[in-house]
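Pasting run-v8.txt here (compact mmCIF, C-alpha atoms):
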```txt
# COMPACT_ATOMS: atom_id res chain seq x y z
CA ARG A 33 22.24 -2.90 -21.00
CA ARG A 34 20.18 0.26 -20.64
CA THR A 35 17.57 1.35 -23.15
CA ALA A 36 14.75 3.84 -22.92
CA ILE A 37 11.26 3.09 -21.70
CA PRO A 38 8.93 4.60 -24.33
CA LEU A 39 7.76 7.76 -22.59
CA LYS A 40 6.70 10.38 -25.07
CA GLY A 41 6.18 14.02 -24.18
CA ARG A 42 7.98 17.24 -23.61
CA ASN A 43 9.30 19.08 -20.58
CA SER A 44 7.87 22.50 -19.82
CA ASP A 45 8.46 25.14 -17.19
CA CYS A 46 5.85 25.66 -14.48
CA SER A 47 4.10 29.00 -14.55
CA ALA A 48 4.02 30.92 -11.28
CA ASN A 49 0.57 32.30 -12.18
CA HIS A 50 -1.23 29.14 -13.23
CA ILE A 51 -1.78 25.74 -11.67
CA GLU A 52 -3.59 23.02 -13.57
CA PRO A 53 -4.38 20.11 -11.25
CA MET A 54 -3.83 16.66 -12.72
CA GLY A 55 -5.08 13.36 -11.41
CA LEU A 56 -5.59 9.75 -12.40
CA ARG A 57 -7.01 6.84 -10.46
CA LEU A 58 -4.54 4.07 -9.75
CA ASP A 59 -7.27 1.51 -9.27
CA GLY A 60 -9.90 0.08 -11.55
CA ALA A 61 -13.54 -0.41 -10.88
CA GLN A 62 -13.10 -3.96 -9.61
CA GLN A 63 -9.98 -3.81 -7.45
CA SER A 64 -8.35 -1.01 -5.49
CA SER A 65 -4.60 -0.41 -5.21
CA GLU A 66 -2.92 1.09 -2.17
CA LEU A 67 -0.37 3.75 -3.07
CA LEU A 68 2.93 3.13 -1.25
CA TYR A 69 5.46 5.31 -3.08
CA VAL A 70 5.71 8.23 -5.49
CA GLY A 71 9.02 9.48 -6.90
CA PHE A 72 10.19 11.51 -9.89
CA ASN A 73 12.99 10.39 -12.17
CA GLN A 74 16.24 12.37 -12.42
CA ASP A 75 15.03 14.90 -15.01
CA ASN A 76 11.52 15.23 -13.49
CA GLY A 77 9.98 14.29 -16.83
CA CYS A 78 8.15 11.29 -15.41
CA PHE A 79 7.47 9.61 -12.09
CA ALA A 80 6.94 6.14 -10.68
CA CYS A 81 4.29 4.90 -8.27
CA GLY A 82 4.66 1.82 -6.11
CA THR A 83 1.49 0.05 -5.03
CA ASP A 84 0.59 -3.05 -3.07
CA SER A 85 0.30 -4.99 -6.35
CA GLY A 86 2.99 -3.58 -8.67
CA PHE A 87 4.26 -0.29 -10.04
CA ARG A 88 3.20 2.32 -12.58
CA ILE A 89 5.09 4.93 -14.59
CA PHE A 90 3.55 8.24 -15.59
CA ASN A 91 4.70 10.88 -18.05
CA CYS A 92 4.38 14.47 -16.79
CA ASP A 93 3.73 16.41 -20.00
CA PRO A 94 1.39 15.32 -21.42
CA PHE A 95 0.24 13.73 -18.17
CA ARG A 96 -0.67 10.08 -18.67
CA GLN A 97 0.13 6.58 -17.51
CA THR A 98 2.65 5.10 -19.91
CA TYR A 99 3.54 1.81 -18.30
CA ARG A 100 2.43 -0.58 -15.56
CA ARG A 101 3.63 -3.84 -14.13
CA ASP A 102 1.33 -5.93 -11.95
CA PHE A 103 2.28 -8.85 -9.71
CA ASP A 104 0.04 -11.44 -8.12
CA LEU A 105 1.52 -11.01 -4.65
CA GLY A 106 3.48 -8.25 -2.97
CA GLY A 107 3.88 -4.50 -2.95
CA PHE A 108 6.68 -2.01 -3.58
CA GLY A 109 7.70 0.64 -1.06
CA ILE A 110 10.43 2.11 -3.30
CA VAL A 111 10.51 2.33 -7.11
CA GLU A 112 13.56 4.35 -8.14
CA MET A 113 13.89 5.12 -11.84
CA LEU A 114 17.06 5.69 -13.85
CA PHE A 115 16.03 8.54 -16.12
CA ARG A 116 13.75 6.85 -18.72
CA CYS A 117 15.52 3.53 -19.20
CA ASN A 118 14.43 -0.01 -18.43
CA ILE A 119 16.46 -0.30 -15.20
CA LEU A 120 14.66 0.23 -11.87
CA ALA A 121 15.65 -0.21 -8.23
CA LEU A 122 12.87 -1.93 -6.29
CA VAL A 123 12.31 -2.42 -2.56
CA GLY A 124 9.36 -4.30 -1.14
CA GLY A 125 6.73 -2.52 0.93
CA GLY A 126 3.21 -2.60 2.27
CA ARG A 127 1.47 -5.33 4.22
CA LYS A 128 2.84 -8.05 1.93
CA PRO A 129 6.17 -6.88 0.43
CA ARG A 130 7.13 -8.37 -2.92
CA TYR A 131 10.76 -8.44 -1.76
CA PRO A 132 12.25 -8.14 1.74
CA THR A 133 12.48 -4.54 2.95
CA ASN A 134 16.21 -5.00 3.64
CA LYS A 135 17.01 -5.77 -0.02
CA VAL A 136 17.39 -3.61 -3.13
CA MET A 137 16.51 -5.47 -6.31
CA ILE A 138 17.86 -4.12 -9.61
CA TRP A 139 15.10 -4.86 -12.11
CA ASP A 140 15.55 -5.02 -15.89
CA ASP A 141 12.11 -4.64 -17.36
CA HIS A 142 13.20 -5.78 -20.83
CA GLN A 143 14.33 -9.10 -19.40
CA ASN A 144 11.41 -9.11 -16.93
CA ARG A 145 13.67 -10.18 -14.08
CA CYS A 146 16.08 -8.95 -11.42
CA ILE A 147 19.65 -8.65 -12.62
CA GLY A 148 21.21 -7.58 -9.31
CA GLU A 149 20.57 -7.71 -5.58
CA LEU A 150 21.93 -5.78 -2.60
CA SER A 151 21.21 -7.15 0.88
CA PHE A 152 21.53 -5.38 4.24
CA ARG A 153 20.99 -6.07 7.93
CA SER A 154 18.34 -3.38 8.37
CA GLU A 155 15.47 -1.82 6.45
CA VAL A 156 16.27 0.21 3.35
CA LYS A 157 14.99 3.77 3.82
CA ALA A 158 15.73 5.18 0.35
CA VAL A 159 17.53 4.48 -2.92
CA ARG A 160 19.07 7.03 -5.29
CA MET A 161 20.53 6.28 -8.72
CA SER A 162 22.53 8.00 -11.42
CA ARG A 163 24.22 6.62 -14.51
CA GLU A 164 27.36 6.00 -12.43
CA ARG A 165 26.17 5.29 -8.88
CA VAL A 166 23.61 3.41 -6.81
CA VAL A 167 23.12 4.91 -3.34
CA VAL A 168 21.33 2.93 -0.62
CA VAL A 169 20.22 4.72 2.55
CA LEU A 170 19.79 2.91 5.87
CA GLU A 171 18.92 4.58 9.16
CA TYR A 172 22.53 5.02 10.33
CA ARG A 173 24.56 4.35 7.20
CA ILE A 174 24.72 5.08 3.48
CA TYR A 175 26.33 2.76 0.93
CA VAL A 176 27.57 3.99 -2.44
CA TYR A 177 28.00 1.44 -5.25
CA ASN A 178 29.35 1.57 -8.76
CA PHE A 179 26.41 1.18 -11.11
CA SER A 180 28.02 -1.06 -13.73
CA ASP A 181 29.14 -3.87 -11.42
CA LEU A 182 27.54 -3.00 -8.02
CA ASN A 183 30.93 -2.92 -6.31
CA LEU A 184 30.91 -1.04 -3.01
CA LEU A 185 32.83 2.24 -3.30
CA HIS A 186 32.05 4.22 -0.15
CA THR A 187 30.34 3.89 3.24
CA ILE A 188 29.05 7.01 5.02
CA GLU A 189 28.06 7.06 8.70
CA THR A 190 25.12 9.31 9.64
CA ILE A 191 23.00 10.32 12.60
CA SER A 192 19.66 8.52 12.89
CA ASN A 193 17.94 9.06 9.55
CA PRO A 194 14.55 7.31 9.73
CA HIS A 195 13.15 9.17 6.71
CA GLY A 196 16.09 8.29 4.45
CA LEU A 197 17.15 11.87 3.70
CA CYS A 198 19.67 11.84 0.88
CA ALA A 199 20.16 13.68 -2.42
CA LEU A 200 22.25 12.53 -5.39
CA CYS A 201 23.31 14.85 -8.20
CA ALA A 202 21.98 13.62 -11.55
CA ASP A 203 24.70 15.29 -13.64
CA SER A 204 27.01 12.73 -15.26
CA GLN A 205 29.92 15.18 -15.09
CA ALA A 206 29.70 15.47 -11.31
CA CYS A 207 29.10 12.98 -8.52
CA VAL A 208 27.74 14.81 -5.48
CA ILE A 209 25.84 13.28 -2.57
CA ALA A 210 24.22 15.26 0.25
CA CYS A 211 23.12 13.48 3.41
CA CYS A 212 22.76 13.84 7.17
CA GLY A 213 25.93 14.38 9.17
CA LEU A 214 26.83 12.89 12.54
CA GLN A 215 25.17 15.69 14.52
CA LYS A 216 21.62 17.01 14.60
CA GLY A 217 20.98 19.58 11.89
CA HIS A 218 24.30 18.96 10.14
CA VAL A 219 24.66 18.08 6.44
CA ARG A 220 27.51 16.27 4.76
CA ALA A 221 28.19 16.92 1.07
CA GLU A 222 30.46 14.41 -0.66
CA LEU A 223 31.96 15.71 -3.91
CA PHE A 224 33.42 12.51 -5.28
CA ASP A 225 34.47 14.08 -8.59
CA ILE A 226 37.00 16.31 -6.81
CA THR A 227 37.47 14.12 -3.69
CA ARG A 228 36.17 16.69 -1.24
CA THR A 229 33.91 16.49 1.82
CA THR A 230 31.98 19.59 2.93
CA LEU A 231 30.46 19.63 6.42
CA ILE A 232 27.68 22.16 6.96
CA SER A 233 26.01 23.13 10.25
CA ALA A 234 22.72 23.87 8.52
CA HIS A 235 20.13 24.10 11.34
CA GLU A 236 19.81 23.83 15.09
CA ALA A 237 16.85 21.45 14.80
CA ALA A 238 16.89 18.08 13.06
CA LEU A 239 16.70 18.05 9.27
CA SER A 240 13.39 17.39 7.53
CA CYS A 241 14.35 17.83 3.86
CA ILE A 242 17.40 18.34 1.63
CA ALA A 243 17.73 18.86 -2.13
CA LEU A 244 20.53 19.32 -4.67
CA ASN A 245 20.33 21.20 -7.93
CA THR A 246 21.07 19.43 -11.22
CA ASP A 247 24.85 19.93 -11.24
CA GLY A 248 25.33 19.52 -7.49
CA THR A 249 26.63 23.05 -6.84
CA ARG A 250 23.68 24.18 -4.69
CA LEU A 251 22.10 22.52 -1.67
CA ALA A 252 18.76 23.46 -0.08
CA THR A 253 18.04 22.43 3.52
CA ALA A 254 15.07 22.67 5.88
CA SER A 255 14.68 21.63 9.50
CA GLU A 256 11.78 20.09 11.41
CA ARG A 257 10.66 23.57 12.45
CA GLY A 258 9.92 24.34 8.80
CA THR A 259 10.12 28.13 9.05
CA LEU A 260 13.41 28.65 7.19
CA VAL A 261 14.91 27.25 4.01
CA ARG A 262 18.64 27.77 3.46
CA VAL A 263 20.65 27.46 0.27
CA TRP A 264 24.35 26.49 0.41
CA ASP A 265 27.34 26.24 -1.88
CA THR A 266 28.38 22.57 -1.77
CA ARG A 267 32.06 23.22 -2.48
CA SER A 268 32.72 25.96 0.08
CA GLY A 269 29.90 25.31 2.53
CA GLN A 270 29.00 29.01 2.35
CA ARG A 271 25.39 29.97 3.03
CA LEU A 272 24.06 31.78 -0.04
CA MET A 273 20.44 32.39 0.92
CA GLU A 274 18.11 32.20 3.89
CA LEU A 275 14.46 32.14 2.85
CA ARG A 276 11.65 32.42 5.39
CA ARG A 277 8.82 30.06 4.49
CA GLY A 278 6.52 31.40 7.19
CA ALA A 279 6.18 32.22 10.87
CA GLU A 280 4.24 29.11 11.86
CA PRO A 281 5.95 25.70 12.08
CA ALA A 282 5.30 23.29 9.21
CA VAL A 283 6.59 19.96 7.95
CA ILE A 284 8.51 20.60 4.73
CA GLN A 285 8.12 17.42 2.74
CA CYS A 286 9.85 18.20 -0.55
CA MET A 287 12.04 20.79 -2.29
CA CYS A 288 13.18 21.02 -5.89
CA PHE A 289 15.39 23.47 -7.81
CA HIS A 290 14.38 24.79 -11.21
CA ALA A 291 16.68 23.73 -14.04
CA ASP A 292 18.32 27.18 -14.19
CA ASN A 293 18.61 27.42 -10.36
CA SER A 294 16.53 30.60 -10.22
CA TRP A 295 13.56 29.06 -8.41
CA LEU A 296 13.16 26.65 -5.52
CA LEU A 297 9.87 24.86 -5.03
CA VAL A 298 8.97 24.06 -1.41
CA GLY A 299 6.08 21.76 -0.50
CA SER A 300 4.83 21.50 3.06
CA ASP A 301 1.98 20.15 5.15
CA HIS A 302 0.81 23.34 6.79
CA GLY A 303 -1.98 21.65 8.71
CA LYS A 304 -4.83 23.66 7.21
CA ARG A 305 -6.27 24.40 3.80
CA GLN A 306 -4.35 27.19 2.09
CA PRO A 307 -3.84 28.30 -1.50
CA PRO A 308 -0.38 27.66 -2.91
CA SER A 309 1.95 30.63 -2.73
CA MET A 310 3.88 31.83 -5.80
CA ALA A 311 6.72 33.96 -4.56
CA ARG A 312 9.67 35.91 -5.84
CA CYS A 313 12.32 36.95 -3.38
CA GLY A 314 15.20 39.30 -3.91
CA SER A 315 16.40 38.36 -0.45
CA ASP A 316 13.70 37.07 1.89
CA ARG A 317 10.61 39.02 0.81
CA TRP A 318 7.73 37.21 -0.89
CA SER A 319 4.63 38.20 -2.83
CA GLY A 320 1.85 36.65 -4.89
CA ARG A 321 -0.68 33.83 -4.50
CA GLY A 322 -2.39 31.46 -6.89
CA ALA A 323 -5.73 29.75 -7.01
CA CYS A 324 -6.23 26.66 -4.85
CA PRO A 325 -6.86 23.42 -6.78
CA ASP A 326 -9.81 21.34 -5.64
CA GLY A 327 -8.85 18.98 -2.84
CA PHE A 328 -5.50 20.66 -2.18
CA THR A 329 -4.67 20.55 1.54
CA GLY A 330 -0.96 21.37 1.60
CA HIS A 331 1.11 24.43 0.85
CA ILE A 332 3.36 25.06 -2.16
CA GLN A 333 5.77 27.95 -2.50
CA PHE A 334 8.09 29.05 -5.28
CA LEU A 335 11.06 30.95 -3.86
CA ARG A 336 13.57 33.01 -5.82
CA ALA A 337 16.63 30.97 -4.83
CA CYS A 338 19.60 32.61 -6.55
CA PRO A 339 19.73 36.41 -6.69
CA ALA A 340 22.38 38.16 -8.74
CA THR A 341 24.35 38.95 -5.61
CA ALA A 342 23.99 36.43 -2.83
CA PRO A 343 23.89 37.93 0.68
```

In structure tokens, write the structure found in this file.
Amino acid sequence: RRTAIPLKGRNSDCSANHIEPMGLRLDGAQQSSELLYVGFNQDNGCFACGTDSGFRIFNCDPFRQTYRRDFDLGGFGIVEMLFRCNILALVGGGRKPRYPTNKVMIWDDHQNRCIGELSFRSEVKAVRMSRERVVVVLEYRIYVYNFSDLNLLHTIETISNPHGLCALCADSQACVIACCGLQKGHVRAELFDITRTTLISAHEAALSCIALNTDGTRLATASERGTLVRVWDTRSGQRLMELRRGAEPAVIQCMCFHADNSWLLVGSDHGKRQPPSMARCGSDRWSGRGACPDGFTGHIQFLRACPATAP
């Protein structure tokens, strides 16, 4: 049974010329909470935070904490939401994990208990969910389960994947998973809706980040070098765009497509204080910068991802 968690608000597009920093303390005056995990839900309208004493859910617009669950003992290293409903996938984390780090607990917050459990022989690196699938990422293997009954549907072998790189399409009409291949820098796209596997030699260096758009037709990849971002067609494996982030190496930590696929946000740890870059690219040329929010130490770039005619 899935019902909505009461998160009120509206979704709005980000402006390339304006950044309004938002922040909220996770701890109170009497007791501090260590932040272990932050992750958006499938429509990016809210996000979950895992701490060493529970988890919190925040709405993005208007920005506010809408829900929290505290536990006497144990932290959460993964809190994966399913859109805005009461079902969450939880994995223990921190110095005193609430649950073993090799288990995924399916939590029903209306019943205030776990309604499902998936156990593995090694640590869970990531969890992805859609209305039809639960995807569990281990270092060398990915397991795909049916959401309704948690029956195992597919097993995917990967190269060493210590950061749990994996992307799952949120569109109910398509079931697309992108993950590491069996060779360094390679990506495997599984299109389960049409029973097709696409293998892409994306980079020479090891992958650092991958992202799918909403309907699973576009895939963005970045390597550990962090100088180039490439956009691919998941069905054909054709490279559509090559976007140069910069000349200096950087760790690209996150990427996200805009809802209409025209923009790609790239977040990186550039190693020094820089203002975020707001860029439009017809091919690989960028322009424009925004003001730097107080305390910002990373680097954010908005890249024009889908030109009218892809090179």

| query | What is the distance, in Å and to one decimal place, between atom CA of Ile174 of chain A and atom CA of Ile188 of chain A? | reply |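 So the two atoms, atom CA of Ile174 of chain A and atom CA of Ile188 of chain A, lie 5.0 Å apart.
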
| Which residues, written as a VMD selection string, have at least one atom at most 12 Å from Cys146 of chain A, with all atoms listed in the file counted and residues fewer than 3 positions away on the same chain left out? | chain A and resid 118 to 123 131 135 to 143 149 to 150

Taking every listed atom of segment 150-159 of chain A and adding 8 Å to each side, what centre and edge lengths in Å (one decimal) does the axis-aligned box have, as JSON?
```
{"center_x": 18.5, "center_y": -1.0, "center_z": 2.7, "size_x": 22.9, "size_y": 28.3, "size_z": 27.3}
```

| task | Write out as JSON, numbers by chain each polymer residue whose atoms come within 9 Å of Leu251 of chain A, counting only C-alpha atoms; drop sequence neighbours fewer than 3 positions from it. | result | {"A": [210, 221, 242, 243, 244, 245, 248, 262, 263, 264, 265, 266]}

| said: Excluding Glu155 of chain A and its own-chain neighbours fewer than 2 positions away, which residues fall within 12 Å of it when counting all atoms listed in the file? Please give them as a VMD selection string. | reply: chain A and resid 109 to 110 123 to 125 131 to 136 150 to 153 157 to 159 168 to 174 193 to 196

| message | List the spatial neighbours of Leu185 of chain A as a count of residues only - criterion: any atom at most 8 Å away, only C-alpha atoms, same-chain residues fewer than 2 positions off excluded. | response | 6

| Gap from atom CA of Ala252 of chain A to atom CA of Glu280 of chain A - Å, one decimal |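 Taking atom CA of Ala252 of chain A and atom CA of Glu280 of chain A, their separation equals 19.6 Å.
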
| Taking only C-alpha atoms into account, which of A:Leu67, A:Ala291, A:Cys207, A:Ala80 comes nearest Val167 of chain A? | A:Cys207

| task | Please indicate the distance in Å from atom CA of Arg127 of chain A to atom CA of Leu200 of chain A, rounded to one decimal place. | result |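 We find that atom CA of Arg127 of chain A and atom CA of Leu200 of chain A lie 29.0 Å from each other.
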
| query | From the list A:Ala202, A:Ile284, A:Leu197, A:Ile147, which residue is nearest Asn73 of chain A when using only C-alpha atoms? | reply | A:Ala202

| field | Given all atoms listed in the file as the counted atoms, nearest of A:Arg267, A:Leu239, A:Arg257, A:Ser154 to Val208 of chain A | value |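 Among A:Arg267, A:Leu239, A:Arg257, A:Ser154, it is A:Arg267 that comes nearest to Val208 of chain A.
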
Would you kindly return, as an mmCIF file with C-alpha atoms, in the coordinates of the input, each protein, DNA or RNA residue with an atom no farther than 8 Å from any atom of Asp203 of chain A, considering all atoms listed in the file and excluding same-chain residues fewer than 5 positions away?
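Result written to part-v3.cif:
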```
data_model
loop_
_atom_site.group_PDB
_atom_site.id
_atom_site.type_symbol
_atom_site.label_atom_id
_atom_site.label_comp_id
_atom_site.auth_asym_id
_atom_site.auth_seq_id
_atom_site.Cartn_x
_atom_site.Cartn_y
_atom_site.Cartn_z
ATOM 1 C CA SER A 162 22.530 8.000 -11.420
ATOM 2 C CA THR A 246 21.070 19.430 -11.220
ATOM 3 C CA ASP A 247 24.850 19.930 -11.240
ATOM 4 C CA GLY A 248 25.330 19.520 -7.490
#
```

| Residue nearest Leu105 of chain A among A:Thr83, A:Ser180, A:Ser268, A:Ser204 (counting only C-alpha atoms) | A:Thr83

| Could you tell me, as a PyMOL selection string, which residues have any atom at most 6 Å from (5.1, 3.4, -6.9), counting only C-alpha atoms? | chain A and resi 69-70+80-83+87+111

Just add all heavy atoms to segment 70-81 of chain A and send it as a tab-separated table (two decimals), in the coordinates of the input.
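Output file selection-v2.tsv follows:
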```
chain	number	residue	atom	x	y	z
A	70	VAL	N	5.71	7.37	-4.31
A	70	VAL	CA	5.71	8.23	-5.49
A	70	VAL	C	7.07	8.90	-5.58
A	70	VAL	O	7.55	9.45	-4.58
A	70	VAL	CB	4.61	9.31	-5.44
A	70	VAL	CG1	4.68	10.21	-6.66
A	70	VAL	CG2	3.23	8.68	-5.34
A	71	GLY	N	7.71	8.85	-6.74
A	71	GLY	CA	9.02	9.48	-6.90
A	71	GLY	C	9.30	9.84	-8.34
A	71	GLY	O	9.02	9.06	-9.26
A	72	PHE	N	9.82	11.06	-8.55
A	72	PHE	CA	10.19	11.51	-9.89
A	72	PHE	C	11.50	10.87	-10.34
A	72	PHE	O	12.33	10.45	-9.51
A	72	PHE	CB	10.37	13.03	-9.92
A	72	PHE	CG	9.08	13.79	-9.94
A	72	PHE	CD1	8.49	14.22	-8.77
A	72	PHE	CD2	8.45	14.08	-11.14
A	72	PHE	CE1	7.30	14.92	-8.78
A	72	PHE	CE2	7.26	14.78	-11.17
A	72	PHE	CZ	6.68	15.21	-9.98
A	73	ASN	N	11.69	10.81	-11.66
A	73	ASN	CA	12.99	10.39	-12.17
A	73	ASN	C	13.96	11.57	-12.11
A	73	ASN	O	13.63	12.65	-11.62
A	73	ASN	CB	12.86	9.83	-13.59
A	73	ASN	CG	12.60	10.91	-14.62
A	73	ASN	OD1	12.10	11.99	-14.32
A	73	ASN	ND2	12.94	10.62	-15.87
A	74	GLN	N	15.18	11.39	-12.62
A	74	GLN	CA	16.24	12.37	-12.42
A	74	GLN	C	16.01	13.68	-13.16
A	74	GLN	O	16.50	14.72	-12.73
A	74	GLN	CB	17.60	11.76	-12.82
A	74	GLN	CG	18.12	10.72	-11.86
A	74	GLN	CD	17.47	9.35	-12.03
A	74	GLN	OE1	16.62	9.14	-12.89
A	74	GLN	NE2	17.87	8.40	-11.19
A	75	ASP	N	15.28	13.65	-14.28
A	75	ASP	CA	15.03	14.90	-15.01
A	75	ASP	C	13.62	15.43	-14.79
A	75	ASP	O	13.19	16.38	-15.45
A	75	ASP	CB	15.31	14.74	-16.50
A	75	ASP	CG	14.40	13.70	-17.17
A	75	ASP	OD1	13.40	13.28	-16.54
A	75	ASP	OD2	14.67	13.34	-18.32
A	76	ASN	N	12.87	14.81	-13.86
A	76	ASN	CA	11.52	15.23	-13.49
A	76	ASN	C	10.54	15.18	-14.66
A	76	ASN	O	9.48	15.81	-14.62
A	76	ASN	CB	11.53	16.64	-12.89
A	76	ASN	CG	12.33	16.72	-11.62
A	76	ASN	OD1	12.25	15.84	-10.77
A	76	ASN	ND2	13.14	17.76	-11.48
A	77	GLY	N	10.88	14.42	-15.69
A	77	GLY	CA	9.98	14.29	-16.83
A	77	GLY	C	8.93	13.22	-16.65
A	77	GLY	O	7.93	13.21	-17.38
A	78	CYS	N	9.12	12.34	-15.69
A	78	CYS	CA	8.15	11.29	-15.41
A	78	CYS	C	8.31	10.87	-13.95
A	78	CYS	O	9.26	11.28	-13.28
A	78	CYS	CB	8.32	10.11	-16.35
A	78	CYS	SG	10.01	9.46	-16.45
A	79	PHE	N	7.38	10.07	-13.47
A	79	PHE	CA	7.47	9.61	-12.09
A	79	PHE	C	6.91	8.20	-11.98
A	79	PHE	O	6.14	7.76	-12.82
A	79	PHE	CB	6.77	10.57	-11.12
A	79	PHE	CG	5.29	10.71	-11.33
A	79	PHE	CD1	4.39	9.89	-10.65
A	79	PHE	CD2	4.79	11.66	-12.21
A	79	PHE	CE1	3.03	10.03	-10.84
A	79	PHE	CE2	3.42	11.81	-12.41
A	79	PHE	CZ	2.54	10.99	-11.72
A	80	ALA	N	7.36	7.52	-10.92
A	80	ALA	CA	6.94	6.14	-10.68
A	80	ALA	C	6.09	6.07	-9.43
A	80	ALA	O	6.31	6.82	-8.46
A	80	ALA	CB	8.16	5.23	-10.54
A	81	CYS	N	5.13	5.17	-9.43
A	81	CYS	CA	4.29	4.90	-8.27
A	81	CYS	C	4.42	3.44	-7.89
A	81	CYS	O	4.29	2.56	-8.74
A	81	CYS	CB	2.83	5.22	-8.57
A	81	CYS	SG	2.48	6.94	-8.93
```
